[in-house]
$ cat data-v7.pdb   # PDB, C-alpha atoms and all ligand atoms
ATOM      1  CA  MET M  11      42.148  76.605  -0.150
ATOM      2  CA  LEU M  12      40.846  79.318  -2.509
ATOM      3  CA  LEU M  13      41.716  77.798  -5.863
ATOM      4  CA  GLU M  14      42.417  74.141  -6.531
ATOM      5  CA  VAL M  15      43.493  72.241  -9.601
ATOM      6  CA  ARG M  16      42.812  68.539  -9.117
ATOM      7  CA  ASP M  17      44.023  65.765 -11.420
ATOM      8  CA  LEU M  18      43.584  68.086 -14.373
ATOM      9  CA  LYS M  19      43.984  66.523 -17.781
ATOM     10  CA  LYS M  20      43.562  68.001 -21.233
ATOM     11  CA  VAL M  21      43.715  66.130 -24.510
ATOM     12  CA  TYR M  22      43.147  68.099 -27.712
ATOM     13  CA  GLU M  23      41.520  66.333 -30.603
ATOM     14  CA  GLY M  24      44.296  67.090 -33.095
ATOM     15  CA  ARG M  25      43.801  66.742 -36.857
ATOM     16  CA  GLN M  26      46.013  63.660 -37.161
ATOM     17  CA  ARG M  27      45.926  62.298 -33.630
ATOM     18  CA  PRO M  28      44.959  63.402 -30.116
ATOM     19  CA  VAL M  29      47.472  65.723 -28.380
ATOM     20  CA  GLU M  30      47.892  65.080 -24.675
ATOM     21  CA  ALA M  31      48.772  68.614 -23.520
ATOM     22  CA  VAL M  32      48.271  68.211 -19.770
ATOM     23  CA  ARG M  33      48.591  64.754 -18.220
ATOM     24  CA  ASP M  34      47.870  65.191 -14.526
ATOM     25  CA  LEU M  35      48.161  68.456 -12.619
ATOM     26  CA  THR M  36      47.325  68.965  -8.982
ATOM     27  CA  PHE M  37      48.147  72.102  -6.975
ATOM     28  CA  GLY M  38      46.392  74.839  -5.042
ATOM     29  CA  LEU M  39      46.516  78.498  -4.088
ATOM     30  CA  ASP M  40      45.492  79.965  -0.753
ATOM     31  CA  ALA M  41      43.864  83.384  -0.584
ATOM     32  CA  GLY M  42      46.511  86.080  -0.947
ATOM     33  CA  ASP M  43      49.137  83.849  -2.590
ATOM     34  CA  LEU M  44      51.416  85.062  -5.372
ATOM     35  CA  VAL M  45      52.520  81.950  -7.209
ATOM     36  CA  CYS M  46      54.525  81.726 -10.428
ATOM     37  CA  LEU M  47      54.314  78.856 -12.852
ATOM     38  CA  VAL M  48      57.186  77.989 -15.174
ATOM     39  CA  GLY M  49      57.828  75.146 -17.552
ATOM     40  CA  PRO M  50      59.464  74.312 -20.857
ATOM     41  CA  SER M  51      58.005  75.843 -23.982
ATOM     42  CA  GLY M  52      54.837  74.090 -25.122
ATOM     43  CA  CYS M  53      54.296  72.298 -21.801
ATOM     44  CA  GLY M  54      50.678  73.396 -21.568
ATOM     45  CA  LYS M  55      50.827  76.566 -19.459
ATOM     46  CA  THR M  56      48.279  78.394 -21.568
ATOM     47  CA  THR M  57      46.071  75.324 -21.722
ATOM     48  CA  LEU M  58      46.133  75.095 -17.930
ATOM     49  CA  LEU M  59      45.286  78.766 -17.489
ATOM     50  CA  LYS M  60      42.398  78.559 -19.941
ATOM     51  CA  CYS M  61      40.997  75.596 -18.016
ATOM     52  CA  MET M  62      41.399  77.503 -14.735
ATOM     53  CA  ALA M  63      39.633  80.545 -16.193
ATOM     54  CA  GLY M  64      36.729  78.415 -17.363
ATOM     55  CA  LEU M  65      37.483  79.186 -21.023
ATOM     56  CA  LEU M  66      38.326  75.593 -21.917
ATOM     57  CA  ALA M  67      36.757  72.380 -20.620
ATOM     58  CA  PRO M  68      39.270  69.893 -19.169
ATOM     59  CA  THR M  69      39.232  66.313 -20.424
ATOM     60  CA  GLY M  70      39.542  65.043 -16.864
ATOM     61  CA  GLY M  71      39.855  66.347 -13.333
ATOM     62  CA  GLU M  72      38.569  69.690 -12.175
ATOM     63  CA  VAL M  73      39.265  73.244 -11.104
ATOM     64  CA  LEU M  74      37.626  74.426  -7.901
ATOM     65  CA  LEU M  75      37.183  78.021  -6.802
ATOM     66  CA  ARG M  76      36.023  78.173  -3.179
ATOM     67  CA  ASP M  77      35.096  74.488  -3.433
ATOM     68  CA  LYS M  78      32.850  75.173  -6.438
ATOM     69  CA  ARG M  79      33.674  73.567  -9.729
ATOM     70  CA  VAL M  80      34.652  76.028 -12.475
ATOM     71  CA  THR M  81      32.556  75.356 -15.580
ATOM     72  CA  GLY M  82      32.664  78.824 -17.172
ATOM     73  CA  PRO M  83      34.370  82.166 -16.472
ATOM     74  CA  PRO M  84      33.738  82.581 -12.733
ATOM     75  CA  PRO M  85      32.812  85.957 -11.258
ATOM     76  CA  GLY M  86      35.701  87.283  -9.201
ATOM     77  CA  MET M  87      38.381  86.033 -11.568
ATOM     78  CA  ALA M  88      40.260  88.193 -14.073
ATOM     79  CA  VAL M  89      42.775  87.158 -16.708
ATOM     80  CA  VAL M  90      45.566  89.193 -18.304
ATOM     81  CA  PHE M  91      46.975  87.695 -21.490
ATOM     82  CA  GLN M  92      50.246  88.290 -23.261
ATOM     83  CA  GLU M  93      48.701  89.872 -26.308
ATOM     84  CA  TYR M  94      47.598  93.190 -24.877
ATOM     85  CA  GLY M  95      47.153  94.513 -28.410
ATOM     86  CA  ARG M  96      44.373  92.049 -29.027
ATOM     87  CA  SER M  97      42.785  92.303 -25.607
ATOM     88  CA  LEU M  98      42.003  96.032 -25.797
ATOM     89  CA  PHE M  99      39.350  97.506 -28.087
ATOM     90  CA  PRO M 100      41.109  99.999 -30.384
ATOM     91  CA  TRP M 101      37.983 102.097 -30.943
ATOM     92  CA  MET M 102      37.473 102.666 -27.216
ATOM     93  CA  SER M 103      39.399 105.132 -25.085
ATOM     94  CA  VAL M 104      41.575 103.843 -22.262
ATOM     95  CA  ARG M 105      38.866 104.775 -19.760
ATOM     96  CA  ASP M 106      36.128 102.972 -21.700
ATOM     97  CA  ASN M 107      38.288  99.858 -22.041
ATOM     98  CA  VAL M 108      38.863  99.723 -18.287
ATOM     99  CA  GLU M 109      35.219 100.498 -17.553
ATOM    100  CA  LEU M 110      33.701  97.881 -19.839
ATOM    101  CA  PRO M 111      33.745  94.871 -17.472
ATOM    102  CA  LEU M 112      32.267  97.073 -14.732
ATOM    103  CA  ARG M 113      29.387  98.085 -17.025
ATOM    104  CA  ASN M 114      28.842  94.426 -17.815
ATOM    105  CA  LYS M 115      28.662  93.813 -14.065
ATOM    106  CA  GLY M 116      25.837  96.382 -13.897
ATOM    107  CA  MET M 117      27.748  98.631 -11.496
ATOM    108  CA  PRO M 118      26.403 102.172 -10.921
ATOM    109  CA  ARG M 119      28.131 104.949 -12.890
ATOM    110  CA  ARG M 120      29.657 106.790  -9.950
ATOM    111  CA  GLN M 121      31.261 103.664  -8.513
ATOM    112  CA  ARG M 122      32.550 102.730 -11.964
ATOM    113  CA  GLN M 123      34.217 106.110 -12.382
ATOM    114  CA  GLU M 124      35.901 105.854  -8.995
ATOM    115  CA  LEU M 125      37.246 102.378  -9.660
ATOM    116  CA  VAL M 126      38.490 103.275 -13.143
ATOM    117  CA  ALA M 127      40.262 106.398 -11.874
ATOM    118  CA  GLY M 128      41.805 104.451  -8.970
ATOM    119  CA  ALA M 129      43.001 101.602 -11.192
ATOM    120  CA  LEU M 130      44.519 103.916 -13.813
ATOM    121  CA  ALA M 131      46.295 105.902 -11.091
ATOM    122  CA  ALA M 132      47.601 102.653  -9.567
ATOM    123  CA  VAL M 133      49.265 101.658 -12.832
ATOM    124  CA  GLY M 134      50.656 105.167 -13.422
ATOM    125  CA  LEU M 135      48.229 106.131 -16.201
ATOM    126  CA  ALA M 136      46.190 108.826 -14.462
ATOM    127  CA  ASP M 137      46.746 111.169 -17.427
ATOM    128  CA  ALA M 138      45.806 108.716 -20.150
ATOM    129  CA  HIS M 139      42.019 108.393 -19.658
ATOM    130  CA  HIS M 140      41.137 109.835 -23.047
ATOM    131  CA  ALA M 141      43.909 108.270 -25.101
ATOM    132  CA  TYR M 142      43.244 105.347 -27.443
ATOM    133  CA  PRO M 143      45.237 102.118 -27.081
ATOM    134  CA  TRP M 144      46.966 102.584 -30.438
ATOM    135  CA  GLN M 145      48.363 105.907 -29.233
ATOM    136  CA  LEU M 146      50.204 104.145 -26.403
ATOM    137  CA  SER M 147      53.434 102.137 -26.237
ATOM    138  CA  GLY M 148      53.280  98.370 -25.703
ATOM    139  CA  GLY M 149      54.157  98.736 -22.029
ATOM    140  CA  MET M 150      51.435 101.337 -21.510
ATOM    141  CA  GLN M 151      48.870  99.148 -23.272
ATOM    142  CA  GLN M 152      49.772  96.310 -20.940
ATOM    143  CA  ARG M 153      49.271  98.696 -18.009
ATOM    144  CA  VAL M 154      45.766  99.409 -19.332
ATOM    145  CA  ALA M 155      45.060  95.669 -19.441
ATOM    146  CA  ILE M 156      46.304  95.362 -15.847
ATOM    147  CA  ALA M 157      44.218  98.391 -14.779
ATOM    148  CA  ARG M 158      41.152  96.773 -16.325
ATOM    149  CA  ALA M 159      41.777  93.604 -14.325
ATOM    150  CA  VAL M 160      42.420  95.584 -11.122
ATOM    151  CA  ALA M 161      39.322  97.804 -11.492
ATOM    152  CA  TYR M 162      37.235  94.671 -11.707
ATOM    153  CA  GLN M 163      38.395  93.934  -8.127
ATOM    154  CA  PRO M 164      39.039  90.264  -8.702
ATOM    155  CA  ASP M 165      39.784  87.834  -5.888
ATOM    156  CA  VAL M 166      41.940  85.880  -8.299
ATOM    157  CA  LEU M 167      44.120  87.256 -11.059
ATOM    158  CA  LEU M 168      45.524  84.861 -13.657
ATOM    159  CA  MET M 169      48.332  86.249 -15.801
ATOM    160  CA  ASP M 170      49.625  84.436 -18.874
ATOM    161  CA  GLU M 171      53.114  85.663 -19.821
ATOM    162  CA  PRO M 172      51.842  89.226 -19.595
ATOM    163  CA  PHE M 173      55.235  90.909 -20.087
ATOM    164  CA  ALA M 174      56.670  88.715 -22.819
ATOM    165  CA  ALA M 175      56.281  91.370 -25.478
ATOM    166  CA  VAL M 176      57.603  94.449 -23.666
ATOM    167  CA  ASP M 177      61.171  95.742 -23.435
ATOM    168  CA  ALA M 178      63.388  94.792 -20.484
ATOM    169  CA  GLN M 179      63.153  98.115 -18.612
ATOM    170  CA  THR M 180      59.351  98.257 -18.888
ATOM    171  CA  ARG M 181      59.216  94.650 -17.864
ATOM    172  CA  ALA M 182      61.115  95.358 -14.654
ATOM    173  CA  ASP M 183      58.747  98.259 -13.888
ATOM    174  CA  LEU M 184      55.681  96.101 -14.533
ATOM    175  CA  GLU M 185      57.045  93.329 -12.301
ATOM    176  CA  ASP M 186      57.367  95.806  -9.452
ATOM    177  CA  LEU M 187      53.893  97.101 -10.225
ATOM    178  CA  ILE M 188      52.466  93.594  -9.844
ATOM    179  CA  ARG M 189      54.171  93.083  -6.479
ATOM    180  CA  ASP M 190      52.920  96.495  -5.278
ATOM    181  CA  LEU M 191      49.345  95.795  -6.413
ATOM    182  CA  TRP M 192      49.470  92.351  -4.836
ATOM    183  CA  ARG M 193      50.578  93.779  -1.497
ATOM    184  CA  GLU M 194      48.087  96.656  -1.557
ATOM    185  CA  LEU M 195      45.046  94.772  -2.820
ATOM    186  CA  GLY M 196      45.595  91.360  -1.247
ATOM    187  CA  VAL M 197      44.575  89.700  -4.516
ATOM    188  CA  THR M 198      45.543  86.081  -5.201
ATOM    189  CA  ILE M 199      47.786  85.860  -8.264
ATOM    190  CA  LEU M 200      48.875  82.996 -10.483
ATOM    191  CA  PHE M 201      51.534  84.301 -12.841
ATOM    192  CA  VAL M 202      52.624  82.165 -15.781
ATOM    193  CA  THR M 203      55.993  82.948 -17.314
ATOM    194  CA  HIS M 204      58.730  81.224 -19.259
ATOM    195  CA  ASP M 205      61.270  83.593 -17.672
ATOM    196  CA  ILE M 206      62.982  81.887 -14.727
ATOM    197  CA  ASP M 207      64.365  85.102 -13.197
ATOM    198  CA  GLU M 208      60.943  86.703 -13.371
ATOM    199  CA  ALA M 209      59.337  83.704 -11.653
ATOM    200  CA  VAL M 210      61.835  83.774  -8.763
ATOM    201  CA  TYR M 211      61.731  87.569  -8.453
ATOM    202  CA  LEU M 212      57.936  87.743  -8.298
ATOM    203  CA  GLY M 213      56.742  84.599  -6.582
ATOM    204  CA  GLN M 214      56.363  83.402  -3.035
ATOM    205  CA  ARG M 215      56.407  79.979  -4.631
ATOM    206  CA  VAL M 216      57.357  78.694  -8.062
ATOM    207  CA  ILE M 217      55.555  75.728  -9.554
ATOM    208  CA  ILE M 218      57.847  74.000 -12.044
ATOM    209  CA  LEU M 219      56.114  71.936 -14.704
ATOM    210  CA  SER M 220      57.513  69.029 -16.682
ATOM    211  CA  SER M 221      57.509  68.877 -20.456
ATOM    212  CA  SER M 222      54.270  67.938 -22.176
ATOM    213  CA  PRO M 223      52.382  65.710 -21.282
ATOM    214  CA  THR M 224      52.577  67.846 -18.211
ATOM    215  CA  VAL M 225      52.779  67.105 -14.504
ATOM    216  CA  VAL M 226      54.021  69.221 -11.580
ATOM    217  CA  ARG M 227      57.766  68.616 -11.271
ATOM    218  CA  GLU M 228      58.385  70.665  -8.148
ATOM    219  CA  VAL M 229      56.845  73.350  -5.952
ATOM    220  CA  LEU M 230      59.666  75.601  -4.773
ATOM    221  CA  ASP M 231      59.376  78.009  -1.833
ATOM    222  CA  VAL M 232      61.066  81.312  -2.622
ATOM    223  CA  ASP M 233      62.669  82.183   0.695
ATOM    224  CA  LEU M 234      63.733  85.683  -0.287
ATOM    225  CA  PRO M 235      62.797  88.716   1.815
ATOM    226  CA  ASP M 236      59.295  89.991   1.097
ATOM    227  CA  GLN M 237      60.581  93.454   0.271
ATOM    228  CA  ARG M 238      62.083  92.973  -3.174
ATOM    229  CA  ASP M 239      63.745  95.349  -5.535
ATOM    230  CA  GLN M 240      65.336  94.829  -8.874
ATOM    231  CA  LEU M 241      68.902  95.595  -7.787
ATOM    232  CA  THR M 242      69.193  94.143  -4.286
ATOM    233  CA  THR M 243      67.062  91.059  -4.803
ATOM    234  CA  ARG M 244      68.612  90.061  -8.101
ATOM    235  CA  SER M 245      72.135  90.391  -6.714
ATOM    236  CA  ASP M 246      71.283  88.349  -3.585
ATOM    237  CA  SER M 247      73.216  85.064  -3.609
ATOM    238  CA  ARG M 248      70.047  83.209  -2.599
ATOM    239  CA  PHE M 249      68.307  84.586  -5.702
ATOM    240  CA  THR M 250      71.116  83.176  -7.845
ATOM    241  CA  GLU M 251      70.850  79.791  -6.127
ATOM    242  CA  LEU M 252      67.100  79.638  -6.624
ATOM    243  CA  ARG M 253      67.235  80.647 -10.278
ATOM    244  CA  SER M 254      69.987  78.095 -10.948
ATOM    245  CA  HIS M 255      67.870  75.426  -9.300
ATOM    246  CA  VAL M 256      64.808  76.253 -11.433
ATOM    247  CA  TYR M 257      66.979  76.431 -14.540
ATOM    248  CA  ALA M 258      68.447  72.977 -13.831
ATOM    249  CA  GLN M 259      64.984  71.549 -13.269
ATOM    250  CA  ILE M 260      63.694  72.884 -16.574
ATOM    251  CA  GLN M 261      66.758  71.642 -18.443
ATOM    252  CA  ALA M 262      66.237  68.216 -16.864
ATOM    253  CA  ALA M 263      62.557  68.298 -17.869
ATOM    254  CA  LYS M 264      63.531  69.094 -21.463
ATOM    255  CA  ARG M 265      66.189  66.350 -21.500
ATOM    256  CA  GLU M 266      63.752  63.797 -20.153
ATOM    257  CA  SER M 267      61.263  64.600 -22.862
ATOM    258  CA  THR M 268      63.955  64.282 -25.568
ATOM    259  CA  VAL M 269      65.226  61.028 -24.088
ATOM    260  CA  GLY M 270      61.622  59.878 -23.936
ATOM    261  CA  SER M 271      61.040  60.636 -27.596
ATOM    262  CA  HIS M 272      64.394  59.042 -28.608
ATOM    263  CA  ASP M 273      63.379  55.954 -26.666
ATOM    264  CA  ALA M 274      60.046  55.964 -28.408
ATOM    265  CA  ALA M 275      61.754  56.337 -31.812
ATOM    266  CA  ARG M 276      64.164  53.477 -30.993
ATOM    267  CA  GLN M 277      61.251  51.299 -29.902
ATOM    268  CA  THR M 278      59.464  52.042 -33.167
ATOM    269  CA  ASP M 279      62.628  51.160 -35.156
ATOM    270  CA  LEU M 280      63.005  47.894 -33.252
ATOM    271  CA  ALA M 281      59.363  47.119 -33.777
ATOM    272  CA  ARG M 282      59.791  47.734 -37.510
ATOM    273  CA  GLN M 283      62.852  45.457 -37.674
ATOM    274  CA  VAL M 284      60.936  42.690 -35.929
ATOM    275  CA  LEU M 285      58.108  43.086 -38.374
ATOM    276  CA  GLN M 286      60.394  42.897 -41.437
TER
HETATM  277  N1  LIG J   1      43.771  73.879 -29.982
HETATM  278  C1  LIG J   1      44.751  72.981 -29.964
HETATM  279  N2  LIG J   1      44.669  71.841 -30.694
HETATM  280  C2  LIG J   1      45.643  70.901 -30.674
HETATM  281  N3  LIG J   1      46.770  71.004 -29.938
HETATM  282  C3  LIG J   1      46.926  72.118 -29.186
HETATM  283  C4  LIG J   1      45.942  73.164 -29.162
HETATM  284  N4  LIG J   1      46.372  74.137 -28.320
HETATM  285  C5  LIG J   1      47.557  73.727 -27.839
HETATM  286  N5  LIG J   1      47.897  72.529 -28.351
HETATM  287  C6  LIG J   1      49.114  71.743 -28.034
HETATM  288  O1  LIG J   1      49.130  71.498 -26.630
HETATM  289  C7  LIG J   1      50.438  71.633 -26.111
HETATM  290  C8  LIG J   1      50.469  72.718 -25.025
HETATM  291  O2  LIG J   1      50.207  73.998 -25.610
HETATM  292  P1  LIG J   1      50.151  75.356 -24.738
HETATM  293  O3  LIG J   1      49.966  76.492 -25.675
HETATM  294  O4  LIG J   1      49.160  75.211 -23.651
HETATM  295  O5  LIG J   1      51.620  75.368 -24.117
HETATM  296  P2  LIG J   1      52.443  76.596 -23.469
HETATM  297  O6  LIG J   1      53.258  76.000 -22.374
HETATM  298  O7  LIG J   1      51.532  77.695 -23.095
HETATM  299  O8  LIG J   1      53.348  77.015 -24.687
HETATM  300  P3  LIG J   1      54.394  78.259 -24.784
HETATM  301  O9  LIG J   1      55.474  78.003 -23.796
HETATM  302  O10 LIG J   1      54.902  78.137 -26.208
HETATM  303  O11 LIG J   1      53.603  79.504 -24.526
HETATM  304  C9  LIG J   1      51.339  71.943 -27.304
HETATM  305  O12 LIG J   1      51.888  70.724 -27.741
HETATM  306  C10 LIG J   1      50.382  72.511 -28.331
HETATM  307  O13 LIG J   1      50.854  72.263 -29.637
END

$ encode --input "data-v7.pdb" --output "structure tokens" --more "lines below"
Ligand SMILES: Nc1ncnc2c1ncn2[C@@H]1O[C@H](COP(=O)(O)OP(=O)(O)OP(=O)(O)O)[C@@H](O)[C@H]1O
Amino acid sequence: MLLEVRDLKKVYEGRQRPVEAVRDLTFGLDAGDLVCLVGPSGCGKTTLLKCMAGLLAPTGGEVLLRDKRVTGPPPGMAVVFQEYGRSLFPWMSVRDNVELPLRNKGMPRRQRQELVAGALAAVGLADAHHAYPWQLSGGMQQRVAIARAVAYQPDVLLMDEPFAAVDAQTRADLEDLIRDLWRELGVTILFVTHDIDEAVYLGQRVIILSSSPTVVREVLDVDLPDQRDQLTTRSDSRFTELRSHVYAQIQAAKRESTVGSHDAARQTDLARQVLQ
């Protein structure tokens, strides 16, 4: 297994009381997998990704990349966040933004230029080398962030709701771009999204999380044909079945957490009455 999350637990030291964001997560990705992760809002998806990227220390358990424990940002891993606006440097051209991690790697100039040109062409921005991020639309900025991750030639690409802030048409284009890049580059991708349709459309598997404190609720195989396109795939009856299944699971996860908190509130009330 290329990437493993084992018994991962994260408790934040909140101001008032500790917040148990992730209770116990275990799952893995083989090399070349494209796996989507969905869960109710606030269930700890970002927390999990930060732990996997070595940006946040887990409270318990571990993340292993090629059997080695992740304790800081590992070489060979790239992350694309939702907030493309904040992840690009506004004073640097598109080319310089994409090139920066390669400079930091100490790569020779010629190789850097080739990789940057290849990555920008792959995301359809071959003409935008000299533009600045603020001159581009949101969707184009997100393409730059993806190009930067691709140029870095990662083995593993973690994406945290990368298309949440772009319009629906751009989003569909970017989804297809991710599937194309995945097929061409053979990179292993973990894609976090709160959009159920997006998860089913993109993934070979969908990991469904429970509400916080979070555990894996189900790992669903997406048995749709490998060749996907926005019209045919989304109108496939199997697609509809799968998305309904994921939807029902997430609704159930939300209900359970509400029932849980009602129960807890009732218990507290009872406890108070006994005390009075
Ligand atoms: N630095 C922090 N300190 C305390 N609590 C935190 C911190 N960061 C996150 N949390 C809490 O941990 C839980 C999980 O948060 P996280 O952002 O990982 O969830 P998420 O699934 O990514 O959320 P969303 O669906 O809204 O993007 C939430 O209850 C959140 O309030």

$ axis_aligned_box --input "data-v7.pdb" --around "ligand LIG 1 (chain J)" --padding-each-side "5 Å" --output "lines of an AutoDock Vina configuration file"
center_x = 49.6
center_y = 75.1
center_z = -26.5
size_x = 21.7
size_y = 18.8
size_z = 18.3

$ closest_atom_pairs --input "data-v7.pdb" --of "chain M" --to "ligand LIG 1 (chain J)" --cutoff "9 Å" --atoms "only C-alpha atoms and all ligand atoms" --output "Markdown table"
| residue | atom | partner | partner_atom | distance |
| --- | --- | --- | --- | --- |
| M:Lys20 | CA | J:LIG1 | O1 | 8.5 |
| M:Val21 | CA | J:LIG1 | N3 | 7.9 |
| M:Tyr22 | CA | J:LIG1 | C2 | 4.8 |
| M:Glu23 | CA | J:LIG1 | C2 | 6.2 |
| M:Gly24 | CA | J:LIG1 | C2 | 4.7 |
| M:Arg25 | CA | J:LIG1 | C2 | 7.7 |
| M:Pro28 | CA | J:LIG1 | C2 | 7.6 |
| M:Val29 | CA | J:LIG1 | N3 | 5.6 |
| M:Glu30 | CA | J:LIG1 | O1 | 6.8 |
| M:Ala31 | CA | J:LIG1 | O1 | 4.3 |
| M:Val32 | CA | J:LIG1 | C8 | 7.3 |
| M:Val48 | CA | J:LIG1 | O6 | 8.4 |
| M:Gly49 | CA | J:LIG1 | O6 | 6.7 |
| M:Pro50 | CA | J:LIG1 | O9 | 6.2 |
| M:Ser51 | CA | J:LIG1 | O9 | 3.3 |
| M:Gly52 | CA | J:LIG1 | O8 | 3.3 |
| M:Cys53 | CA | J:LIG1 | O6 | 3.9 |
| M:Gly54 | CA | J:LIG1 | O4 | 3.2 |
| M:Lys55 | CA | J:LIG1 | O6 | 3.8 |
| M:Thr56 | CA | J:LIG1 | O7 | 3.7 |
| M:Thr57 | CA | J:LIG1 | O4 | 3.6 |
| M:Leu58 | CA | J:LIG1 | O4 | 6.5 |
| M:Leu59 | CA | J:LIG1 | O4 | 8.1 |
| M:Lys60 | CA | J:LIG1 | O4 | 8.4 |
| M:Asp170 | CA | J:LIG1 | O7 | 8.2 |
| M:Glu171 | CA | J:LIG1 | O11 | 7.8 |
| M:Val202 | CA | J:LIG1 | O7 | 8.6 |
| M:Thr203 | CA | J:LIG1 | O9 | 8.2 |
| M:His204 | CA | J:LIG1 | O9 | 6.4 |
| M:Ser221 | CA | J:LIG1 | O6 | 8.5 |
| M:Ser222 | CA | J:LIG1 | C7 | 6.6 |
| M:Pro223 | CA | J:LIG1 | C7 | 7.9 |
| M:Thr224 | CA | J:LIG1 | C8 | 8.6 |

$ residues_around --input "data-v7.pdb" --residues "range 64-80 of chain M" --least-positions-apart "6" --cutoff "6 Å" --atoms "only C-alpha atoms" --output "PyMOL selection string"
chain M and resi 12-20

$ closest_residue --input "data-v7.pdb" --among "M:Leu184, M:Gln121, M:Val232, M:Arg105" --to "Ala136 in chain M" --atoms "only C-alpha atoms"
M:Arg105

$ resolve_selection --input "data-v7.pdb" --expression "the PyMOL selection byres (((chain M and resi 152) around 9) and not hetatm)" --output "list in words"
Val90, Gln92, Glu93, Tyr94, Gly95, Ser147, Gly148, Gly149, Met150, Gln151, Arg153, Val154, Ala155, Ile156, Ala157, Pro172, Phe173, Val176 and Leu184 of chain M

$ write_last_selection --input "data-v7.pdb" --atoms "C-alpha atoms" --output "PDB file, keeping the file's coordinate frame"
ATOM      1  CA  VAL M  90      45.566  89.193 -18.304  1.00  0.00           C
ATOM      2  CA  GLN M  92      50.246  88.290 -23.261  1.00  0.00           C
ATOM      3  CA  GLU M  93      48.701  89.872 -26.308  1.00  0.00           C
ATOM      4  CA  TYR M  94      47.598  93.190 -24.877  1.00  0.00           C
ATOM      5  CA  GLY M  95      47.153  94.513 -28.410  1.00  0.00           C
ATOM      6  CA  SER M 147      53.434 102.137 -26.237  1.00  0.00           C
ATOM      7  CA  GLY M 148      53.280  98.370 -25.703  1.00  0.00           C
ATOM      8  CA  GLY M 149      54.157  98.736 -22.029  1.00  0.00           C
ATOM      9  CA  MET M 150      51.435 101.337 -21.510  1.00  0.00           C
ATOM     10  CA  GLN M 151      48.870  99.148 -23.272  1.00  0.00           C
ATOM     11  CA  ARG M 153      49.271  98.696 -18.009  1.00  0.00           C
ATOM     12  CA  VAL M 154      45.766  99.409 -19.332  1.00  0.00           C
ATOM     13  CA  ALA M 155      45.060  95.669 -19.441  1.00  0.00           C
ATOM     14  CA  ILE M 156      46.304  95.362 -15.847  1.00  0.00           C
ATOM     15  CA  ALA M 157      44.218  98.391 -14.779  1.00  0.00           C
ATOM     16  CA  PRO M 172      51.842  89.226 -19.595  1.00  0.00           C
ATOM     17  CA  PHE M 173      55.235  90.909 -20.087  1.00  0.00           C
ATOM     18  CA  VAL M 176      57.603  94.449 -23.666  1.00  0.00           C
ATOM     19  CA  LEU M 184      55.681  96.101 -14.533  1.00  0.00           C
TER      20      LEU M 184
END

$ build_atoms --input "data-v7.pdb" --residues "range 160-171 of chain M" --atoms "N, CA and C atoms" --output "JSON list (two decimals), keeping the file's coordinate frame"
[["chain", "number", "residue", "atom", "x", "y", "z"],
["M", 160, "VAL", "N", 42.43, 95.10, -12.50],
["M", 160, "VAL", "CA", 42.42, 95.58, -11.12],
["M", 160, "VAL", "C", 41.09, 96.27, -10.78],
["M", 161, "ALA", "N", 40.58, 97.08, -11.73],
["M", 161, "ALA", "CA", 39.32, 97.80, -11.49],
["M", 161, "ALA", "C", 38.17, 96.83, -11.25],
["M", 162, "TYR", "N", 38.27, 95.70, -11.84],
["M", 162, "TYR", "CA", 37.24, 94.67, -11.71],
["M", 162, "TYR", "C", 37.21, 94.10, -10.28],
["M", 163, "GLN", "N", 38.23, 94.41, -9.52],
["M", 163, "GLN", "CA", 38.40, 93.93, -8.13],
["M", 163, "GLN", "C", 38.29, 92.42, -8.01],
["M", 164, "PRO", "N", 39.13, 91.72, -8.75],
["M", 164, "PRO", "CA", 39.04, 90.26, -8.70],
["M", 164, "PRO", "C", 39.60, 89.71, -7.39],
["M", 165, "ASP", "N", 39.14, 88.54, -7.01],
["M", 165, "ASP", "CA", 39.78, 87.83, -5.89],
["M", 165, "ASP", "C", 40.99, 87.10, -6.42],
["M", 166, "VAL", "N", 40.87, 86.66, -7.68],
["M", 166, "VAL", "CA", 41.94, 85.88, -8.30],
["M", 166, "VAL", "C", 42.32, 86.52, -9.62],
["M", 167, "LEU", "N", 43.63, 86.69, -9.80],
["M", 167, "LEU", "CA", 44.12, 87.26, -11.06],
["M", 167, "LEU", "C", 45.05, 86.23, -11.71],
["M", 168, "LEU", "N", 44.68, 85.80, -12.92],
["M", 168, "LEU", "CA", 45.52, 84.86, -13.66],
["M", 168, "LEU", "C", 46.25, 85.66, -14.73],
["M", 169, "MET", "N", 47.57, 85.48, -14.81],
["M", 169, "MET", "CA", 48.33, 86.25, -15.80],
["M", 169, "MET", "C", 49.15, 85.29, -16.65],
["M", 170, "ASP", "N", 48.95, 85.36, -17.97],
["M", 170, "ASP", "CA", 49.62, 84.44, -18.87],
["M", 170, "ASP", "C", 50.72, 85.16, -19.64],
["M", 171, "GLU", "N", 51.95, 85.00, -19.21],
["M", 171, "GLU", "CA", 53.11, 85.66, -19.82],
["M", 171, "GLU", "C", 52.81, 87.11, -20.20]]
